[in-house]
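Novice: This is the structure I want to talk about, given as structure tokens.
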Amino acid sequence: MTSPLTRKKSNLFVWIVLAVLVVSLTGFGVRSIGNGGADAVGLVGSEKVTANDYARALSNRLRAMSQQFGINITFEQGQAFGVDRAVLSDALSTAALDGETRRIGLSVGDELVKKTLLETKSFQGLTGKFDEAAYKAALKQSNMSAAEYDAIIRKEAARNLLRVAVTAGLTSNEVYGLALFSFYNETRNLRWALIDESLLAEPTREPSAAEIEALYLSSPEAYTSKETRKITYLLLTPNDLVGKIEVDEAALRTLYDEQSARFNIPARRIVDRLVYPNQATAQAALDSLSSGAKTFETLVTERGLTLADVDLGEVSRADLTGAAADAVFLLTEPGVAGPVETDLGPALFQVNAVLEAQNTSFEQVSDELHAEYVADRARRQIDDGIVGIDDLLAGGNTLEEIAAQSDMTLGTIDFTDETEDGIAAHEEFRNLAARLKIGDFPSVETMADGGIFALRLDAIVPPAQIPLAEATNAVLADWKAAETRKRLLELAEISKTQLEAGEGFAAIALTPRDETLARRQTVIEVAPANMITEAFKLENGQVAIVSDESGVALVKVTAITPFAENDPQNAGALANFNREIAGRIGTDIYATFSRAIQDEAGVTVNQSVINAVHTQIR
């Protein structure tokens, strides 16, 4: 079943480099889904986004997030960030552009495909040349044929040509760029102080009963209950089944063996390699290094290179040729090895760090594997049981009857738009509960953590004013907060007058704080959130009272420094800013172009195929 795609504006065009794509694929090893990926997760006109395309892109994004945060990001965690929706949106945008390039006959030739393959660094060995074995291994790991990868290259190149055609020649208006850059880069020095309860002569008094009643009657909306939906639900999560799943140790050992690379990491070295034309020059370089006459960085510079050019990164013994591997891994601490003969010539290898092998035994991770195994089995059992629960619902069974026949838990909840406890902690529940109608037929719904649920709306209790006897404490707190704020603002007015008369902060018992070279985007955590905004409305020497829910403060501008547009030191920054604006304009135009294509062609998505992809990635 298809449903219209909800399109969201994107301010950033994501240009995926082919090398990163292949590396990501080899990391996840995405397998075919369904009947070889023939089922589409979405269509833009007649252009398909296959299940495999979507799975690869989703796995790629999760892997990138894991690298960014330094932890393994699960599918459920990524889904909570909206990664699945963003990936689908990007995939549909790409499909729209692919369809457009095909419609107008835009394509590239074999020579460009070949050139791209040969220059892809992921397919180059340590010699810097194309390594066919690495290329084939990457394709095999990603379950992709050479023809499929060639097609990816062609489509990527064609989209690049289309992007250039759409955005070529865009520039930023220099007057606009200067005005905007000057606006953001003007700085101000501020002196400010908080006006808090410690400055009041006496604590805020308690209100009378009449004052409490008056506030209650004058603000009925503040003391009105939320619309409450009384819901009966069935819930089953993987955690509910974990204790009921029997675990075979042989299965855990198989799981351990399948993830050998995860638990047994070979010794590695972080290495730089500097190649010389012959043995004599390489030995002379080593001698100058050993004597202290030169540093390794100096030797690199003398070869017309940078440290980035000679950086091999993190390597294992298997990544190096025999002689080089022996020399490098003979070092047990940072140092220089060589000269060693390599395919490129004699080379010096600088070992920057020694990373010992990390071998984790089965016994050390058996508990972790046990948890992973039972969690996976629990999710699979739940998935397998969805059809049976749906059949029971379709057969007229009530939620109460199904609870008696299954592992699902029966519960009730009084749900409002602020409820976030229990089952309401799940976004999927909240979304459905908010739109459920009395009489709606219950159906099985899935959650990001692998659980399932079904709902029945029993009643809707409309909003009603809470009796004063029940709301007294809230009214009392509100009255005292308002009275205290009133007194603080009165004190701030007096202090402002004194500051404007020339008295200093300390002289009027205020503790001043200084903020130098503040910009409009500066954030001062302990100050009212609007203080910077209000301060930039003032002239030099002026004072203002600023306040928000967090408190009250006085701020005085002590210096204003406009952006020096004629300063040569600022010329480069301004030029870069203008280029950035032009780039943003180009990105927005290209995104708008893609959305226009989607609007014209029509977009549909197949949620059942998407769910199948999500199930496999879990």
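Quick note on naming: the chains in the structure tokens go A, B, ... in the order shown, residues restart at 1 in each chain, and ligands are numbered from 1 in order of appearance.
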Assign secondary structure with DSSP using the backbone only, and return the residues of range 208-302 of chain A in alpha helix (DSSP H) as a PyMOL selection string.
Specialist: chain A and resi 209-218+238-242+249-258+260-263+279-291+296-302
Novice: Among range 135-343 of chain A, which ones does DSSP place in strand (DSSP E), written as JSON, numbers by chain?
Specialist: {"A": [187, 188, 189, 190, 191, 192, 193, 194, 195, 228, 229, 230, 231, 232, 233, 234, 235, 236, 264, 265, 268, 269, 270, 271, 272, 273, 274, 275, 311, 312, 313, 314, 315, 316, 335, 336, 337, 338, 339, 340, 341, 342]}
Novice: Of the candidates A:Asn160, A:Gly70, A:Arg273, A:Ile153, which shows the shortest atom-to-atom distance to Lys114 in chain A, using only C-alpha atoms?
Specialist: A:Ile153
Novice: Please provide the set of residues having any atom within 7 Å of range 238-243 of chain A, restricted to only C-alpha atoms, with same-chain residues fewer than 2 positions apart removed, written as a PyMOL selection string.
Specialist: chain A and resi 236+245+374-375+378-379+450-451
Novice: Near Thr50 in chain A, within 6 Å and counting only C-alpha atoms, which residues show up once chain neighbours fewer than 2 positions away are dropped, as a list in words?
Specialist: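 After dropping sequence-adjacent residues, the list is Gly37, Ala40, Val41, Lys48, Asn52 and Asp53 of chain A.
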Novice: Env of Ala601 in chain A: 10 Å cut, atoms = only C-alpha atoms, seq-sep filter 6 positions within chain, self excluded. Answer as a list in words.
Specialist: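 What passes the distance filter is Leu43, Val44, Gly45, Ser46, Glu47, Ala96, Gly99, Glu100 and Arg595 of chain A.
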Novice: If we count only C-alpha atoms and set the cut-off at 10 Å, which residues sit around Val552 in chain A, ignoring sequence neighbours fewer than 6 positions away in its own chain? Please answer as a PyMOL selection string.
Specialist: chain A and resi 193-197+485+488-489+491-492+527-528+531+545-546
Novice: Mind checking which residues fall within 12 Å of Tyr256 in chain A, counting only C-alpha atoms, ignoring those fewer than 5 positions away in the same chain, and posting them as a PDB file with N, CA and C atoms, in the first residue's frame?
Specialist:
```pdb
ATOM      1  N   GLU A 249      24.373 -22.653  24.162  1.00  0.00           N
ATOM      2  CA  GLU A 249      25.735 -22.122  24.159  1.00  0.00           C
ATOM      3  C   GLU A 249      26.395 -22.267  22.798  1.00  0.00           C
ATOM      4  N   ALA A 250      26.038 -23.335  22.078  1.00  0.00           N
ATOM      5  CA  ALA A 250      26.618 -23.530  20.741  1.00  0.00           C
ATOM      6  C   ALA A 250      26.233 -22.373  19.822  1.00  0.00           C
ATOM      7  N   ALA A 251      25.008 -21.889  19.979  1.00  0.00           N
ATOM      8  CA  ALA A 251      24.566 -20.750  19.157  1.00  0.00           C
ATOM      9  C   ALA A 251      25.358 -19.492  19.506  1.00  0.00           C
ATOM     10  N   ALA A 261      36.105 -10.583  13.925  1.00  0.00           N
ATOM     11  CA  ALA A 261      36.797  -9.309  13.697  1.00  0.00           C
ATOM     12  C   ALA A 261      36.445  -8.279  14.763  1.00  0.00           C
ATOM     13  N   ARG A 262      35.306  -8.431  15.386  1.00  0.00           N
ATOM     14  CA  ARG A 262      34.865  -7.494  16.428  1.00  0.00           C
ATOM     15  C   ARG A 262      35.601  -7.757  17.734  1.00  0.00           C
ATOM     16  N   PHE A 263      35.826  -9.054  18.025  1.00  0.00           N
ATOM     17  CA  PHE A 263      36.388  -9.412  19.313  1.00  0.00           C
ATOM     18  C   PHE A 263      37.895  -9.698  19.283  1.00  0.00           C
ATOM     19  N   ASN A 264      38.450  -9.878  18.098  1.00  0.00           N
ATOM     20  CA  ASN A 264      39.877 -10.187  17.977  1.00  0.00           C
ATOM     21  C   ASN A 264      40.513  -9.238  16.970  1.00  0.00           C
ATOM     22  N   THR A 360      39.583 -10.760  22.745  1.00  0.00           N
ATOM     23  CA  THR A 360      38.557 -10.935  23.764  1.00  0.00           C
ATOM     24  C   THR A 360      38.014 -12.349  23.661  1.00  0.00           C
ATOM     25  N   SER A 361      38.134 -13.111  24.720  1.00  0.00           N
ATOM     26  CA  SER A 361      37.707 -14.502  24.697  1.00  0.00           C
ATOM     27  C   SER A 361      36.190 -14.613  24.717  1.00  0.00           C
ATOM     28  N   PHE A 362      35.710 -15.774  24.340  1.00  0.00           N
ATOM     29  CA  PHE A 362      34.269 -16.029  24.373  1.00  0.00           C
ATOM     30  C   PHE A 362      33.723 -15.846  25.784  1.00  0.00           C
ATOM     31  N   GLU A 363      34.470 -16.325  26.772  1.00  0.00           N
ATOM     32  CA  GLU A 363      34.016 -16.220  28.157  1.00  0.00           C
ATOM     33  C   GLU A 363      33.848 -14.773  28.587  1.00  0.00           C
ATOM     34  N   GLN A 364      34.715 -13.893  28.076  1.00  0.00           N
ATOM     35  CA  GLN A 364      34.647 -12.481  28.466  1.00  0.00           C
ATOM     36  C   GLN A 364      33.403 -11.781  27.923  1.00  0.00           C
ATOM     37  N   VAL A 365      32.911 -12.240  26.791  1.00  0.00           N
ATOM     38  CA  VAL A 365      31.775 -11.548  26.157  1.00  0.00           C
ATOM     39  C   VAL A 365      30.528 -12.422  26.113  1.00  0.00           C
ATOM     40  N   SER A 366      30.549 -13.547  26.814  1.00  0.00           N
ATOM     41  CA  SER A 366      29.399 -14.454  26.745  1.00  0.00           C
ATOM     42  C   SER A 366      28.120 -13.778  27.237  1.00  0.00           C
ATOM     43  N   ASP A 367      28.225 -12.960  28.285  1.00  0.00           N
ATOM     44  CA  ASP A 367      27.032 -12.264  28.785  1.00  0.00           C
ATOM     45  C   ASP A 367      26.504 -11.274  27.745  1.00  0.00           C
ATOM     46  N   GLU A 368      27.421 -10.560  27.112  1.00  0.00           N
ATOM     47  CA  GLU A 368      27.030  -9.595  26.078  1.00  0.00           C
ATOM     48  C   GLU A 368      26.378 -10.311  24.900  1.00  0.00           C
ATOM     49  N   LEU A 369      26.981 -11.445  24.469  1.00  0.00           N
ATOM     50  CA  LEU A 369      26.414 -12.208  23.362  1.00  0.00           C
ATOM     51  C   LEU A 369      25.059 -12.798  23.748  1.00  0.00           C
ATOM     52  N   HIS A 370      24.951 -13.213  24.993  1.00  0.00           N
ATOM     53  CA  HIS A 370      23.675 -13.748  25.477  1.00  0.00           C
ATOM     54  C   HIS A 370      22.579 -12.695  25.369  1.00  0.00           C
ATOM     55  N   GLU A 372      22.524 -10.051  23.402  1.00  0.00           N
ATOM     56  CA  GLU A 372      22.248  -9.784  21.992  1.00  0.00           C
ATOM     57  C   GLU A 372      21.394 -10.895  21.388  1.00  0.00           C
ATOM     58  N   TYR A 373      21.734 -12.130  21.744  1.00  0.00           N
ATOM     59  CA  TYR A 373      21.033 -13.275  21.161  1.00  0.00           C
ATOM     60  C   TYR A 373      19.564 -13.281  21.577  1.00  0.00           C
TER      61      TYR A 373
END
```
Novice: Find the distance between CA of Gly502 in chain A and CA of Thr558 in chain A and write it in Å to one decimal.
Specialist: 12.6 Å
Novice: Rounded to one decimal place, report the CA of Glu500 in chain A-CA of Ala201 in chain A distance in Å.
Specialist: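 Atom-to-atom, CA of Glu500 in chain A and CA of Ala201 in chain A are spaced 22.5 Å apart.
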